[in-house]
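Following: one structure in structure tokens, then a few remarks.
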Amino acid sequence: MESEVNSIDAQSRPAPEAEPDISAIVLEQADRLFHEHVTPAVQADADRSVWPTDLWRAVEEAGLTLALVPEHAGGFGLPPDDALRVIRRSAWAAAPIPLAETMVAAGLWSLTGGDVPEGSLTLGPVNQADAITAERRAGGWRLDGRVRRIPWGSAAGNVLLHAVSTDGEPLVALVPSDTLDWASRRNLADEPRDRLSLSGLDVRWDAVHPAPAACRDGFLPLGALIRSQQMVGALERALDHALLHAGERRQFGRSLSKFQAVQHMLAEAAGHFAAATAAADLAAAEWSAAGGLEAGAEAVAELAFPIAVAKARTGEAAGIVAAIVHQVHGAMGFTQEHPLHYSTRRLWSWRDEFGGESHWQAEIGRLVCSRGGAALWERLAT
Amino acid sequence: MQGFRFNPTALPPEAEAARTRVRRFLAGELEAGTYAPHRSSWTTFDAGFSRRAGAAGLIGMTLPTRYGGQEQSDLARFVVTAELLAAGAPCFAHWVADRQSAPQILRHGSERARREILPPIARGECFFGIGMSEPDAGSDLAAVRTRAVRTDGGWLVTGSKIWTSNAHRVHYLIALVRTGDAGENRHGGLTQVIVDLSKPGVTVRPILNMAGHHEFNEVFFSDYLVPDDMVLGAEGQGWEIVTSELAFERSGPDRFLSDYPLLVELIDRVGPTPDARQAVEIGRLIAHLAPLMRMSRSVAGLLHQGQSPEVEAALVKDVGTAFEREVPEVARRLVPVEAEMDSGDDDAADRFADALAHTVLDAPAYTLRGGTREVMRGVIARGLGLR
């Protein structure tokens, strides 16, 4: 693992001139924690489905899982954009845990008045094609549906499910995952993405609440928001690896970094990284200004644009930067031994999750076209 | 690795006030029909437009009031330039003076230069060109050979500049000239001077561009006299000064909004119900454009703090001009019309074709002017610690 000096810090940390506040302390703490606990052994084990017990315990003890739960509800109550910065740092470290999913699910469940259980959380459905229906029964609800690729799935303690009642009311239900029927699946980074089959699952009435505005229509936008932040972290790490390698590896009597072709490839990658970061920053800032998970229905509708921009731009950068950093690393980066793949396999997975580029680009395109050319400027200018 | 400085930058209230002003001005211009947005851009030269923009307080806004400015922040100027670009306004007459010459003269000019030149710039009456490139010094700016030799009370300049936009219709150039030996790092012995194009010793010869327009020129100096008080900074400080000037030149929204009017025409031509491919391609362009706005605004914030964000400016230009180059390519894929020159008609179909024609012929310059893509990547690579 390279030293702190070698990382592209400026985007994912507060500006140096910002006063040392609680947020800066939290980020530093998070960095130290990931540095200590995300070891090569932990990463290799996670690829074989071994849950990183110590890492998760450290993350929970630091309060990071409750970052988006308000203090009055027993949480950490970080400003929403700071919570997203923690998510970026965890992705920089390629920490093999559902921290982002837990933060969001805990925040949403707490927002509905529910008590947040200990342990990791996840959420689903995570794509547009899947849906869960809820039918009112005596004492509770009966859930039906098949949901693919739930992040961490059976490995998470509880899963927050989005369902629509037979009356069309959007609901969320928190269900212990060990009561559910899972089929094991993995994404390209060997992160669990399990398939869930619900056939007439009865849940008690107090485990089902009306869905908050932030996820009325499902988890796609929130998922896209967190994946875009994660991609910024992973892009940064991938570039850090490539810069280090280009400086150390010598061929034809000089380091790779002295070849103009290599310099231009990395400069191009840096441009995509900078633009992707700006896009993710845009979404983080607007989401935070709108109150984060507490955003009302109107604000949630407005957030569709910056979140779509963030996911589309980070996803596009992910493919381009991953290709460049692998080219720079040569055969070494293609091995299991070199840690580059912990970042690039995540990039290749995350860009497709919660809607790939074309999904979000089409959202932007339809929105912009429906309003006409003259209306576009107002959205961009302010 | 050295991080980039693209920090979040909020717009001050004065910037929003400036937005209101520029929009009111532009609405008046459009109503009067002074220009056609689908046929113009910031590289359309219209001295009358610039005079009116100056009268409306839209030029030299960041200058101190004693030099005719309004002491506004670079973020207010960022808002004004972005609004002008989005409206396809014909800004070329005042663009260079407003963007880089006036800030350079304010920072490094003599009191006489400031008093004589800055107020007319702010009024939209005094225009500038850039005297950097030479026949044998294009991307390799350190190879400048135009020579200035000491004379009584100033310098005598001999040599030539090339690709000098608007030299035939502006009042001044800021020229980079050789006043001494380059030294080992090749950056020594250069000095920036203000050239008054109305004075003897300088001749301008046109070079037509491939669209047949006369925009750039070759400029010849023969014992042209630069008085001492028209030198910028100290003798030999030229490289350092020109580097900071390039941060102003490369980081603005003119590096990604040059063909914005074509994007607007494309959206209107596709209409409110795009098919899947149209929605994806248009959405992709906008997902590129929105973060560029944020990056450029961040650099305006750094400039306002008096920093010289050379690397961030190069990033904005490299990423921004790559976007600009794509707009016409996407437009012609989505709406298969054959672009044509100045059809003269005004219906919607021809507006798109006109905008496309102008943009296709303009686009190669995007990744050349102000420093080529390859030069930008070199600057970025240095920022990454690779050189």
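Each chain of the structure tokens is named A, B, ... in the order shown, its residues numbered from 1; ligands are numbered from 1 in display order.
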
Can you check which parts of chain A lie within 6 Å of chain B? Per residue, the shortest pair of atoms and distance in Å to one decimal, counting only C-alpha atoms, sorted by chain and number, as CSV.
residue,atom,partner,partner_atom,distance
A:Asn6,CA,B:Met1,CA,4.4
A:Ser7,CA,B:Met1,CA,5.6
A:Ile8,CA,B:Gly3,CA,4.9
A:Asp9,CA,B:Gly3,CA,5.7
A:Ala10,CA,B:Gly3,CA,4.9
A:Ser257,CA,B:Leu386,CA,5.2
A:Gln263,CA,B:Ala381,CA,5.5
A:His264,CA,B:Arg377,CA,5.4
A:Ala267,CA,B:Arg377,CA,5.3
A:Gly271,CA,B:Leu315,CA,5.8
A:Ala275,CA,B:Pro291,CA,5.8
A:Ala278,CA,B:Pro291,CA,5.0
A:Ala279,CA,B:Pro291,CA,4.7
A:Val309,CA,B:Ala287,CA,4.6
A:Arg313,CA,B:Ala287,CA,5.8
A:Ser358,CA,B:Val280,CA,5.7
A:Gln361,CA,B:Gly283,CA,4.2
A:Ala362,CA,B:Val280,CA,4.1
A:Ile364,CA,B:Gly283,CA,4.6
A:Gly365,CA,B:Gly283,CA,3.9
A:Arg366,CA,B:Ala279,CA,5.4
A:Cys369,CA,B:Pro272,CA,4.7
A:Ser370,CA,B:Pro272,CA,4.1
A:Gly372,CA,B:Asp268,CA,5.8
A:Gly373,CA,B:Val264,CA,4.4
A:Leu380,CA,B:Ala290,CA,5.9

- Task: May I have the residues within 12 Å of segment 181-187 of chain B as an MDAnalysis selection string, using only C-alpha atoms and disregarding those fewer than 2 positions away in the same chain?
- Result: chainID B and resid 140:145 147:148 176:179 189:191 235:243

- Running DSSP on the backbone, which parts of segment 124-361 of chain A land in helix (DSSP H, G or I), as a PyMOL selection string? chain A and resi 153-155+177-179+205-207+213-215+220-248+256-258+260-289+292-294+297-334+340-350+357-361

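Take atom CA of Ala238 of chain A and atom CA of Ser343 of chain A: the distance between them is 5.9 Å.
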
- Message: Using Å and a single decimal, report how far atom CA of Ala175 of chain B sits from atom CA of Arg369 of chain B.
- Response: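 We find that atom CA of Arg369 of chain B and atom CA of Ala175 of chain B lie 16.1 Å from each other.
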
- Message: I want to know what sits within 6 Å of Ala300 of chain B, based on only C-alpha atoms, with residues of the same chain fewer than 2 positions away left out; could you give that as a list of chain:residue names?
- Response: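 The contact residues come out as B:Asp74, B:Leu75, B:Arg297, B:Ser298, B:Leu302, B:Leu303.
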
- Query: If you measure from atom CA of Glu353 of chain A to atom CA of Thr65 of chain A, what distance in Å do you get, rounded to one decimal?
  - Reply: 21.2 Å

- Query: Where in segment 110-292 of chain B does DSSP assign strand (DSSP E), given as a PyMOL selection string?
  - Reply: chain B and resi 128-131+147-151+154-162+172-178+190-196+202-208+214-227+231-232

- Contacts of segment 47-57 of chain A at 8 Å (only C-alpha atoms; same-chain gap of 2+ positions) as a ChimeraX atom specification: /A:34,37-38,42-45,59-61,96-97,155,189-192
